[in-house]
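Visitor: Here you go, this is structure-v1.txt (compact mmCIF, C-alpha atoms).
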# COMPACT_ATOMS: atom_id res chain seq x y z
CA SER A 1 -103.53 -57.73 -41.62
CA PRO A 2 -100.75 -59.17 -43.83
CA ALA A 3 -97.68 -57.03 -44.42
CA LEU A 4 -97.68 -54.90 -47.58
CA LEU A 5 -95.22 -55.66 -50.32
CA PRO A 6 -92.93 -52.79 -51.40
CA GLY A 7 -94.83 -50.32 -53.58
CA GLU A 8 -98.31 -51.45 -52.51
CA LEU A 9 -100.81 -49.10 -50.91
CA ALA A 10 -102.89 -49.95 -47.86
CA PRO A 11 -106.57 -50.34 -48.70
CA ILE A 12 -109.11 -47.95 -47.24
CA THR A 13 -110.72 -49.62 -44.22
CA ARG A 14 -114.08 -48.98 -42.64
CA ILE A 15 -114.45 -48.15 -38.94
CA GLY A 16 -117.94 -47.96 -37.49
CA GLY A 17 -119.47 -47.80 -40.96
CA GLY A 18 -117.48 -44.77 -42.14
CA GLU A 19 -114.39 -44.45 -44.27
CA LEU A 20 -111.06 -43.67 -42.66
CA ARG A 21 -109.97 -40.75 -44.82
CA VAL A 22 -106.25 -40.02 -44.78
CA ASP A 23 -106.72 -36.70 -46.56
CA ARG A 24 -108.54 -35.31 -43.54
CA ALA A 25 -105.40 -35.75 -41.43
CA ILE A 26 -103.18 -34.32 -44.18
CA ALA A 27 -105.35 -31.19 -44.34
CA MET A 28 -104.87 -30.43 -40.64
CA ASN A 29 -102.93 -27.30 -39.76
CA THR A 30 -102.27 -28.23 -36.12
CA ILE A 31 -99.71 -30.53 -34.52
CA ALA A 32 -99.57 -31.27 -30.77
CA THR A 33 -96.77 -33.37 -29.27
CA HIS A 34 -95.21 -33.98 -25.90
CA ARG A 35 -92.45 -31.41 -25.56
CA LYS A 36 -89.68 -33.83 -24.54
CA SER A 37 -90.54 -37.19 -26.11
CA LYS A 38 -92.16 -35.72 -29.25
CA SER A 39 -94.89 -38.39 -28.95
CA ALA A 40 -98.55 -37.63 -29.57
CA ALA A 41 -99.55 -38.58 -26.00
CA LEU A 42 -98.98 -37.49 -22.41
CA ALA A 43 -97.72 -40.48 -20.45
CA PHE A 44 -97.48 -39.67 -16.74
CA GLY A 45 -96.22 -43.16 -15.94
CA ALA A 46 -96.61 -45.50 -12.97
CA LEU A 47 -96.52 -43.49 -9.74
CA GLU A 48 -96.28 -44.38 -6.06
CA VAL A 49 -98.58 -41.89 -4.32
CA SER A 50 -98.24 -41.54 -0.55
CA ASP A 51 -99.59 -37.98 -0.29
CA ARG A 52 -101.25 -35.47 -2.59
CA MET A 53 -99.20 -35.43 -5.77
CA ASP A 54 -99.09 -32.83 -8.55
CA VAL A 55 -97.46 -33.94 -11.80
CA GLU A 56 -97.13 -31.92 -15.00
CA GLN A 57 -96.48 -32.60 -18.65
CA THR A 58 -96.13 -30.05 -21.46
CA LEU A 59 -97.74 -30.12 -24.89
CA ARG A 60 -96.13 -28.21 -27.73
CA VAL A 61 -98.88 -26.99 -30.05
CA GLN A 62 -97.82 -25.91 -33.55
CA ASN A 63 -99.95 -23.86 -35.94
CA LEU A 64 -98.89 -24.60 -39.53
CA SER A 65 -101.28 -22.09 -41.10
CA ARG A 66 -100.57 -18.41 -41.68
CA GLN A 67 -103.57 -17.31 -39.61
CA GLU A 68 -103.66 -17.04 -35.83
CA GLN A 69 -105.59 -19.86 -34.13
CA LEU A 70 -107.55 -19.56 -30.88
CA PHE A 71 -108.02 -23.02 -29.41
CA THR A 72 -110.58 -24.08 -26.83
CA VAL A 73 -108.91 -26.61 -24.53
CA THR A 74 -111.12 -29.34 -23.04
CA PRO A 75 -109.76 -32.06 -20.75
CA SER A 76 -111.84 -35.22 -20.42
CA PHE A 77 -111.80 -38.73 -18.94
CA ARG A 78 -112.30 -41.93 -20.90
CA PHE A 79 -114.57 -43.32 -18.15
CA ALA A 80 -117.06 -41.23 -16.21
CA ASN A 81 -116.60 -43.19 -12.99
CA ASP A 82 -112.87 -42.36 -12.95
CA GLN A 83 -113.69 -38.66 -13.06
CA ALA A 84 -116.46 -39.02 -10.48
CA SER A 85 -114.08 -40.69 -8.00
CA GLY A 86 -112.12 -37.44 -7.58
CA ALA A 87 -108.89 -39.43 -7.27
CA VAL A 88 -107.39 -37.65 -10.28
CA ARG A 89 -108.14 -34.11 -11.44
CA VAL A 90 -106.90 -32.54 -14.67
CA GLU A 91 -106.00 -28.85 -14.77
CA THR A 92 -105.01 -26.85 -17.83
CA ARG A 93 -105.77 -23.54 -19.53
CA SER A 94 -109.21 -23.22 -21.11
CA VAL A 95 -107.94 -21.35 -24.20
CA LEU A 96 -104.66 -21.26 -26.10
CA ARG A 97 -103.73 -18.63 -28.70
CA VAL A 98 -101.14 -19.68 -31.30
CA SER A 99 -99.83 -17.22 -33.86
CA GLY A 100 -99.67 -18.05 -37.57
CA GLN A 101 -96.83 -20.52 -38.24
CA GLY A 102 -95.96 -20.30 -34.55
CA SER A 103 -96.09 -22.59 -31.52
CA GLU A 104 -97.11 -22.39 -27.87
CA GLU A 105 -96.71 -24.64 -24.87
CA LEU A 106 -99.67 -25.98 -22.90
CA GLU A 107 -99.09 -27.20 -19.35
CA VAL A 108 -101.27 -30.12 -18.27
CA LYS A 109 -101.35 -30.91 -14.54
CA LEU A 110 -102.72 -33.99 -12.80
CA ILE A 111 -103.63 -33.68 -9.12
CA ILE A 112 -103.76 -37.11 -7.46
CA ASP A 113 -105.43 -37.76 -4.09
CA PRO A 114 -104.24 -41.13 -2.67
CA ALA A 115 -107.14 -41.27 -0.18
CA LYS A 116 -109.51 -41.69 -3.15
CA LEU A 117 -107.42 -44.19 -5.08
CA PRO A 118 -108.57 -47.84 -5.06
CA ASP A 119 -106.62 -50.43 -3.13
CA TRP A 120 -103.99 -52.13 -5.27
CA THR A 121 -104.95 -55.75 -6.00
CA LEU A 122 -102.58 -56.65 -8.85
CA ASN A 123 -99.25 -58.46 -8.61
CA GLY A 124 -96.71 -60.03 -10.94
CA GLY A 125 -97.30 -63.61 -9.79
CA SER A 126 -100.84 -64.95 -9.96
CA GLN A 127 -102.14 -61.72 -11.53
CA GLY A 128 -99.17 -61.16 -13.80
CA GLY A 129 -101.18 -61.85 -16.96
CA ASN A 130 -104.32 -59.98 -15.94
CA GLY A 131 -104.16 -57.06 -18.35
CA ALA A 132 -107.84 -56.25 -17.81
CA GLY A 133 -107.04 -55.73 -14.12
CA LEU A 134 -105.25 -52.49 -15.04
CA ASN A 135 -108.57 -50.93 -16.03
CA GLY A 136 -109.35 -50.32 -12.36
CA PRO A 137 -106.27 -48.41 -11.15
CA GLU A 138 -105.46 -46.71 -14.48
CA TYR A 139 -106.83 -43.25 -15.27
CA ASP A 140 -106.86 -41.83 -18.78
CA GLY A 141 -108.61 -39.47 -21.15
CA TYR A 142 -108.01 -36.74 -23.72
CA ILE A 143 -106.90 -33.15 -24.04
CA THR A 144 -108.97 -31.81 -26.95
CA LEU A 145 -108.02 -28.60 -28.77
CA THR A 146 -110.65 -27.03 -31.04
CA ALA A 147 -110.38 -23.96 -33.30
CA GLY A 148 -113.10 -23.76 -35.94
CA SER A 149 -112.83 -26.86 -38.12
CA GLU A 150 -109.52 -27.83 -36.52
CA LYS A 151 -109.92 -30.42 -33.77
CA ILE A 152 -107.26 -32.70 -32.33
CA SER A 153 -107.36 -34.95 -29.27
CA VAL A 154 -104.20 -35.89 -27.37
CA PRO A 155 -104.52 -38.91 -25.03
CA TRP A 156 -103.21 -38.77 -21.46
CA HIS A 157 -102.83 -41.66 -19.02
CA VAL A 158 -101.43 -42.39 -15.57
CA LEU A 159 -101.17 -45.47 -13.33
CA PRO A 160 -101.13 -44.23 -9.72
CA ARG A 161 -100.77 -46.64 -6.82
CA LYS A 162 -101.80 -45.75 -3.26
CA ALA A 163 -98.60 -46.22 -1.30
CA ALA A 164 -96.99 -46.06 2.10
CA GLN A 165 -93.88 -44.01 2.83
CA THR A 166 -91.87 -46.08 5.26
CA GLU A 167 -88.35 -45.70 6.55
CA ALA A 168 -86.44 -47.76 9.11
CA SER A 169 -83.90 -46.66 11.69
CA LEU A 170 -81.86 -48.74 14.13
CA THR A 171 -81.51 -47.86 17.80
CA GLU A 172 -78.35 -49.59 18.99
CA ARG A 173 -78.53 -48.54 22.64
CA GLY A 174 -80.98 -49.01 25.42
CA LYS A 175 -82.79 -51.89 27.03
CA PRO A 176 -83.72 -54.60 26.33
CA GLY A 177 -81.58 -54.31 23.17
CA PRO A 178 -81.44 -52.99 19.60
CA THR A 179 -84.73 -51.88 18.08
CA VAL A 180 -85.80 -51.20 14.51
CA ARG A 181 -88.18 -48.25 14.36
CA LEU A 182 -90.50 -48.17 11.36
CA ARG A 183 -92.13 -44.85 10.55
CA ASN A 184 -94.84 -44.61 7.89
CA ARG A 185 -95.64 -41.10 6.69
CA GLY A 186 -97.83 -42.29 3.83
CA ALA A 187 -101.56 -42.44 3.19
CA SER A 188 -101.63 -46.24 3.03
CA ASP A 189 -100.76 -48.94 5.55
CA SER A 190 -97.19 -50.15 5.18
CA GLU A 191 -96.74 -53.89 4.68
CA TYR A 192 -93.24 -55.02 5.55
CA ASP A 193 -91.19 -58.24 5.52
CA VAL A 194 -88.03 -58.86 7.55
CA PHE A 195 -85.21 -61.11 6.35
CA SER A 196 -81.71 -61.89 7.55
CA LEU A 197 -79.40 -59.78 5.40
CA ALA A 198 -77.23 -62.46 3.81
CA GLY A 199 -75.30 -60.43 1.23
CA VAL A 200 -74.93 -57.06 -0.48
CA SER A 201 -73.51 -55.93 -3.81
CA ARG A 202 -71.97 -52.71 -5.05
CA LYS A 203 -73.82 -50.63 -7.60
CA ILE A 204 -72.75 -51.28 -11.17
CA PRO A 205 -71.19 -48.12 -12.71
CA ARG A 206 -73.38 -46.26 -15.18
CA SER A 207 -70.65 -46.67 -17.79
CA ASP A 208 -71.22 -50.45 -17.72
CA LEU A 209 -74.98 -50.22 -18.31
CA PRO A 210 -76.43 -50.71 -21.81
CA ALA A 211 -77.69 -47.77 -23.84
CA PRO A 212 -81.08 -47.67 -25.56
CA GLY A 213 -81.04 -49.94 -28.58
CA ASP A 214 -78.25 -52.19 -27.30
CA ASN A 215 -80.64 -55.16 -27.01
CA ALA A 216 -79.32 -56.02 -23.57
CA ALA A 217 -80.41 -55.59 -19.97
CA VAL A 218 -78.32 -55.39 -16.81
CA ILE A 219 -80.05 -56.37 -13.58
CA ASP A 220 -78.04 -54.87 -10.72
CA LEU A 221 -78.37 -56.72 -7.40
CA ARG A 222 -78.45 -54.54 -4.32
CA SER A 223 -79.08 -57.01 -1.48
CA VAL A 224 -80.17 -60.57 -0.69
CA GLY A 225 -82.08 -61.82 2.35
CA VAL A 226 -83.27 -65.18 3.62
CA ARG A 227 -85.75 -66.40 6.23
CA PRO A 228 -87.42 -69.67 7.28
CA LEU A 229 -91.14 -69.65 8.05
CA THR A 230 -92.88 -72.38 10.02
CA ALA A 231 -96.17 -74.00 9.07
CA ALA A 232 -97.74 -72.19 12.04
CA GLN A 233 -96.65 -68.82 10.62
CA THR A 234 -97.93 -69.45 7.09
CA GLY A 235 -100.88 -71.79 7.59
CA LEU A 236 -99.32 -74.26 5.15
CA PRO A 237 -98.86 -77.97 5.96
CA PHE A 238 -95.06 -77.63 5.76
CA ASP A 239 -92.25 -75.21 6.59
CA VAL A 240 -90.86 -72.96 3.86
CA LEU A 241 -87.67 -71.12 3.07
CA GLU A 242 -87.81 -67.70 1.43
CA PHE A 243 -85.11 -65.87 -0.51
CA ALA A 244 -85.52 -62.13 -1.04
CA MET A 245 -83.75 -60.07 -3.68
CA ASN A 246 -83.75 -56.29 -4.07
CA THR A 247 -82.25 -54.63 -7.15
CA GLN A 248 -81.21 -51.20 -8.26
CA GLY A 249 -84.18 -49.80 -10.18
CA ARG A 250 -87.64 -51.22 -10.76
CA ARG A 251 -88.90 -53.54 -13.47
CA ALA A 252 -92.35 -53.22 -15.03
CA HIS A 253 -92.98 -56.96 -14.72
CA PRO A 254 -91.15 -59.81 -12.90
CA ASN A 255 -91.20 -62.12 -15.94
CA TYR A 256 -88.60 -60.20 -17.95
CA PRO A 257 -85.82 -59.26 -18.25
CA ALA A 258 -84.70 -60.78 -14.93
CA GLU A 259 -84.27 -64.42 -13.89
CA PHE A 260 -82.98 -64.96 -10.35
CA ASP A 261 -81.18 -68.27 -9.75
CA VAL A 262 -80.50 -69.30 -6.15
CA GLU A 263 -77.97 -72.16 -6.07
CA ILE A 264 -78.09 -74.04 -2.75
CA ASP A 265 -75.48 -76.38 -1.29
CA ALA A 266 -77.56 -78.03 1.46
CA ASN A 267 -74.87 -80.32 2.92
CA SER A 268 -71.78 -78.10 2.75
CA ASP A 269 -69.86 -80.41 0.41
CA GLY A 270 -69.06 -77.62 -2.02
CA VAL A 271 -71.49 -78.83 -4.68
CA ALA A 272 -74.87 -77.23 -5.35
CA ASP A 273 -77.80 -79.55 -4.65
CA TYR A 274 -80.68 -77.33 -5.73
CA VAL A 275 -81.38 -74.30 -7.87
CA VAL A 276 -84.42 -72.14 -7.15
CA PHE A 277 -85.46 -69.77 -9.92
CA ASN A 278 -88.36 -67.70 -11.22
CA VAL A 279 -89.90 -68.40 -14.62
CA GLU A 280 -93.03 -67.59 -16.60
CA ASN A 281 -95.77 -70.13 -15.94
CA GLY A 282 -96.15 -72.27 -19.07
CA GLY A 283 -93.24 -70.75 -21.00
CA PHE A 284 -92.43 -67.52 -22.81
CA ALA A 285 -95.47 -65.26 -23.35
CA ALA A 286 -97.83 -68.08 -22.29
CA THR A 287 -99.66 -66.72 -19.24
CA GLY A 288 -97.90 -63.63 -17.89
CA GLN A 289 -97.78 -65.32 -14.48
CA ASN A 290 -94.47 -65.72 -12.67
CA VAL A 291 -93.79 -68.86 -10.61
CA VAL A 292 -91.00 -70.31 -8.46
CA ALA A 293 -89.35 -73.52 -9.67
CA VAL A 294 -87.18 -75.82 -7.56
CA ALA A 295 -84.78 -78.08 -9.47
CA THR A 296 -82.95 -80.98 -7.82
CA LEU A 297 -79.63 -81.02 -9.64
CA ALA A 298 -78.85 -84.69 -9.01
CA THR A 299 -81.95 -85.77 -10.94
CA ASP A 300 -82.75 -82.67 -13.04
CA ALA A 301 -86.32 -82.96 -11.72
CA ALA A 302 -88.12 -79.65 -11.19
CA SER A 303 -91.26 -78.78 -9.25
CA VAL A 304 -93.40 -75.65 -8.92
CA PHE A 305 -95.28 -74.96 -5.69
CA PHE A 306 -95.75 -71.18 -5.45
CA PHE A 307 -96.29 -68.06 -7.49
CA THR A 308 -93.44 -65.56 -7.27
CA ASP A 309 -94.04 -62.95 -4.59
CA ALA A 310 -93.38 -59.87 -6.71
CA ASP A 311 -95.33 -56.80 -7.75
CA LEU A 312 -95.56 -54.82 -10.96
CA ASN A 313 -93.15 -51.90 -11.24
CA SER A 314 -90.93 -53.24 -8.49
CA GLY A 315 -87.34 -54.19 -7.76
CA ASN A 316 -88.32 -56.66 -5.00
CA VAL A 317 -88.63 -60.42 -5.56
CA ILE A 318 -89.34 -63.15 -2.98
CA LEU A 319 -88.91 -66.81 -3.95
CA THR A 320 -90.68 -69.28 -1.64
CA VAL A 321 -89.73 -72.97 -1.53
CA PRO A 322 -91.00 -75.81 0.68
CA MET A 323 -88.63 -77.56 3.06
CA ASN A 324 -88.40 -81.29 3.60
CA ILE A 325 -91.21 -82.48 1.34
CA PRO A 326 -90.89 -84.25 -2.04
CA GLY A 327 -89.78 -81.76 -4.67
CA GLY A 328 -88.72 -79.20 -2.07
CA VAL A 329 -85.36 -78.42 -0.45
CA ALA A 330 -84.17 -81.03 2.07
CA VAL A 331 -82.59 -79.34 5.08
CA ALA A 332 -81.26 -81.46 7.94
CA PRO A 333 -81.77 -80.03 11.47
CA GLY A 334 -78.96 -77.62 12.25
CA ALA A 335 -77.54 -77.82 8.71
CA THR A 336 -75.95 -74.71 7.22
CA LEU A 337 -77.00 -73.71 3.72
CA ASN A 338 -74.31 -72.33 1.45
CA PHE A 339 -75.86 -70.42 -1.42
CA GLY A 340 -75.35 -67.83 -4.10
CA VAL A 341 -77.70 -65.69 -6.17
CA PHE A 342 -77.12 -65.20 -9.89
CA VAL A 343 -79.15 -62.80 -12.08
CA ILE A 344 -79.63 -63.45 -15.79
CA ASP A 345 -80.93 -61.24 -18.58
CA ASN A 346 -83.63 -63.69 -19.68
CA TYR A 347 -85.07 -61.54 -22.47
CA PHE A 348 -82.30 -60.12 -24.66
CA SER A 349 -78.96 -61.82 -24.23
CA GLY A 350 -79.17 -64.68 -21.72
CA ASN A 351 -76.07 -63.24 -20.03
CA LEU A 352 -75.26 -63.30 -16.32
CA THR A 353 -75.43 -59.66 -15.21
CA ASP A 354 -74.68 -59.79 -11.47
CA SER A 355 -74.23 -62.20 -8.57
CA ILE A 356 -73.62 -62.50 -4.84
CA GLU A 357 -71.84 -65.69 -3.82
CA GLY A 358 -70.50 -67.28 -0.64
CA MET A 359 -73.57 -66.64 1.52
CA ARG A 360 -74.29 -68.90 4.50
CA PHE A 361 -77.39 -69.33 6.65
CA THR A 362 -78.50 -71.87 9.25
CA PRO A 363 -82.30 -72.16 9.51
CA GLY A 364 -83.36 -72.11 13.14
CA SER A 365 -80.08 -70.45 14.19
CA ALA A 366 -80.19 -66.99 12.67
CA ARG A 367 -77.59 -64.46 13.72
CA PHE A 368 -80.14 -61.64 13.50
CA GLY A 369 -83.92 -61.55 13.65
CA VAL A 370 -86.88 -59.74 15.19
CA VAL A 371 -89.17 -60.52 18.08
CA GLY A 372 -92.39 -62.04 16.79
CA ASP A 373 -93.35 -62.69 13.20
CA PRO A 374 -90.96 -61.31 10.54
CA PHE A 375 -93.82 -59.61 8.68
CA GLY A 376 -96.57 -57.18 9.50
CA ALA A 377 -97.99 -53.73 8.79
CA VAL A 378 -97.63 -50.19 10.07
CA THR A 379 -100.82 -48.17 9.79
CA ALA A 380 -100.81 -44.93 7.82
CA LYS A 381 -99.26 -41.90 9.52
CA SER A 382 -97.90 -43.94 12.43
CA SER A 383 -94.85 -45.85 13.62
CA ALA A 384 -93.91 -49.21 15.16
CA ASN A 385 -90.93 -50.69 16.97
CA LEU A 386 -89.48 -54.14 16.29
CA GLY A 387 -87.24 -55.73 18.88
CA VAL A 388 -84.04 -57.17 17.36
CA THR A 389 -82.68 -60.55 18.39
CA THR A 390 -78.98 -61.32 18.07
CA ALA A 391 -76.88 -64.45 18.47
CA THR A 392 -73.15 -65.10 18.35
CA LEU A 393 -72.39 -67.51 15.52
CA PRO A 394 -69.13 -68.43 13.80
CA ASP A 395 -68.76 -67.24 10.22
CA THR A 396 -68.91 -70.86 9.07
CA LEU A 397 -72.59 -70.91 10.08
CA SER A 398 -73.65 -67.48 8.92
CA SER A 399 -72.71 -64.62 6.58
CA GLU A 400 -75.50 -62.44 7.95
CA LEU A 401 -74.75 -58.71 8.12
CA GLY A 402 -77.97 -57.54 9.75
CA LEU A 403 -81.57 -57.29 8.60
CA LEU A 404 -83.15 -56.71 5.20
CA MET A 405 -86.40 -54.72 5.41
CA MET A 406 -88.64 -55.06 2.37
CA TYR A 407 -91.70 -52.88 1.79
CA ARG A 408 -94.74 -53.40 -0.42
CA ARG A 409 -96.11 -50.43 -2.39
CA ASN A 410 -93.75 -47.91 -0.86
CA ASP A 411 -93.11 -44.37 -2.05
CA GLY A 412 -89.31 -44.17 -1.99
CA LYS A 413 -87.09 -47.08 -1.00
CA GLU A 414 -88.52 -50.53 -1.55
CA ALA A 415 -85.94 -52.13 0.72
CA GLU A 416 -83.38 -51.14 3.34
CA ALA A 417 -80.30 -53.09 4.34
CA ILE A 418 -79.75 -52.53 8.07
CA ARG A 419 -76.29 -53.54 9.20
CA ILE A 420 -76.00 -54.55 12.84
The structure in this file should be written as structure tokens.
Guide:
Amino acid sequence: SPALLPGELAPITRIGGGELRVDRAIAMNTIATHRKSKSAALAFGALEVSDRMDVEQTLRVQNLSRQEQLFTVTPSFRFANDQASGAVRVETRSVLRVSGQGSEELEVKLIIDPAKLPDWTLNGGSQGGNGAGLNGPEYDGYITLTAGSEKISVPWHVLPRKAAQTEASLTERGKPGPTVRLRNRGASDSEYDVFSLAGVSRKIPRSDLPAPGDNAAVIDLRSVGVRPLTAAQTGLPFDVLEFAMNTQGRRAHPNYPAEFDVEIDANSDGVADYVVFNVENGGFAATGQNVVAVATLATDAASVFFFTDADLNSGNVILTVPMNIPGGVAVAPGATLNFGVFVIDNYFSGNLTDSIEGMRFTPGSARFGVVGDPFGAVTAKSSANLGVTTATLPDTLSSELGLLMMYRRNDGKEAEAIRI
């Protein structure tokens, strides 16, 4: 509806055939708010659930009348099928006694069973604008307090994601050589990707981070990886090059507030030939989808071939670009790529917030890698070993420090930089 001018009153509206009466709310003698945030809802947040998880929030219930109130407490779900699944259970006291003009605290506990959670099918690329897709994995309902004519309902909601719990360790000794051991303690299979670790960055001090209300974001790079994939490995009609970035902290969506720019000097002449970057498909607030653009700097021509490989609530981003086809990145056999990664606050300020420069990588001649495909899965409650390959290369051909392990839907670290 149009904004009200100063001094005007909002008209009474009708909802479902009845009048919305403000005086009914004014006459209430009960207030219930989240103890810490003071909001009138219990937001349990987005959670990675690798084993049974118990999470609690506290309601502060205030009785504004002079008489004691005895409340009946009734938890409920918005959708019956969510409750029937047994994936989330709500536990709280059945009654709450609040003295006249007093207050009491009500603990509300959610018990989440990952074995009963649905498989996660959303992402921040092709499904980045699919808001309706959240109806499946989200659980919500109400905590209703009733005492005579007093009745208030406080909404609760949680977005749990069935997750793995994977950690990597490096065995430097033994035959036939170094081995990366992946151990998954979680309830879900662990999907992993292996990249050459091309660069790392120090954590930005907390004192340099913006405070709430500063209208700025700082995206703090942790590590950068790179890998070539052949057409046989991907099933595509051409080879691709992938750049992986892991940051400190997770972002709700890959569209904003982070743009990753990968500047590539493909012929080692000291001048960038291409820039690879992520951007919202169609422009700001157009689709919610995130895609990978490749711009040829000599012509300013840009092409889009792939959706960004990134999830919701994640600090991992993988940018995929084709090699040696029109609109892709031209890489001569044996050529060394010199590249840097620059991160921009693309929502508030447009400022550069972090970068890693001076990285070098030679596709087909990696200093470090693994035996077999650089991606796979470790089944729940099990482990796997990856043989490590090493080669002696001069620093002019490679800045690799080891391997970058990246995990999908992982409870704990989303990525591990393994120095070799």
Visitor: Using only C-alpha atoms, pick whichever of A:Phe79, A:Phe260, A:Ser126, A:Phe243 has the shortest atom-to-atom distance to A:Asn290.
Guide: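 Once distances to A:Asn290 are computed over only C-alpha atoms, the minimum belongs to A:Ser126.
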Visitor: Go through A:Ser207, A:Ser201, A:Thr287, A:Gln233 one by one, measure the shortest atom-to-atom distance of each to A:Met359 using only C-alpha atoms, and give the residue with the smallest value.
Guide: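 For A:Met359, the nearest of the given residues is A:Ser201.
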Visitor: What is the distance, in Å and to one decimal place, between atom CA of A:Ala258 and atom CA of A:Gly225?
Guide: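 These atoms are spaced 17.5 Å apart.
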Visitor: Have a look at A:Val276, A:Ala80, A:Val341, A:Met245 and name the one nearest to A:Glu414; count all atoms listed in the file.
Guide: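 Of A:Val276, A:Ala80, A:Val341, A:Met245, the one nearest A:Glu414 is A:Met245, counting all atoms listed in the file.
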Visitor: Between A:Ser383, A:Thr247, A:Thr396, A:Ser365, which is the closest to A:Val180 once you count all atoms listed in the file?
Guide: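 Smallest separation from A:Val180 among the options: A:Ser383.
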Visitor: Find the residues near A:Arg251: any atom within 8 Å, counting all atoms listed in the file, skip ones fewer than 3 places away on the same chain, and give them as a VMD selection string.
Guide: chain A and resid 254 312 to 315
Visitor: Between A:Glu107, A:Glu242, A:Glu56, A:Glu91, which one has atoms that come closest to A:Thr320, using only C-alpha atoms?
Guide: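 Under the stated criterion, the closest residue is A:Glu242.
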Visitor: Compare A:Thr362, A:Asn346, A:Gln69, A:Asn246 by their minimum atom-to-atom distance to A:Phe277, counting all atoms listed in the file, and give me the closest one.
Guide: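 Distance minimum relative to A:Phe277 lands on A:Asn346.
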Visitor: Can you pull out the residues contacting A:Thr144? Cut-off 10 Å, using only C-alpha atoms, and skip same-chain residues under 5 positions away; I want them as a PyMOL selection string.
Guide: chain A and resi 71-76+151-155
Visitor: In Å to one decimal, how far is atom CA of A:Asp113 from atom CA of A:Ala84?
Guide: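 Those two atoms sit 12.8 Å apart.
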Visitor: May I have the residues within 10 Å of A:Pro374 as a PyMOL selection string, using all atoms listed in the file and disregarding those fewer than 5 positions away in the same chain?
Guide: chain A and resi 192-196+227-229+233+369+386+405
Visitor: How would you write as a PyMOL selection string the residues that get within 8 Å of (-90.7, -49.7, 20.3) in the file's frame, counting all atoms listed in the file?
Guide: chain A and resi 179-181+384-387
Visitor: Can you pull out every residue within 10 Å of A:Arg202, counting all atoms listed in the file, but drop anything in the same chain fewer than 4 positions away, and send it as a PyMOL selection string?
Guide: chain A and resi 220-223+248+354+356
Visitor: Which distance in Å separates atom CA of A:Thr58 and atom CA of A:Ala27, to one decimal?
Guide: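 Calculated distance between atom CA of A:Thr58 and atom CA of A:Ala27 is 24.7 Å.
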Visitor: Determine, counting all atoms listed in the file, which protein, DNA and RNA residues have an atom within 8 Å of an atom of A:Val279; residues of the same chain fewer than 6 positions away are not included. Present the result as a list of chain:residue names.
Guide: A:Asn255, A:Glu259, A:Asn290, A:Val291, A:Val292, A:Ala293
Visitor: So which residues fall inside 8 Å of (-99.2, -23.0, -40.0) if we count only C-alpha atoms? Mind giving them as JSON, numbers by chain?
Guide: {"A": [29, 30, 62, 63, 64, 65, 66, 67, 100, 101, 102]}
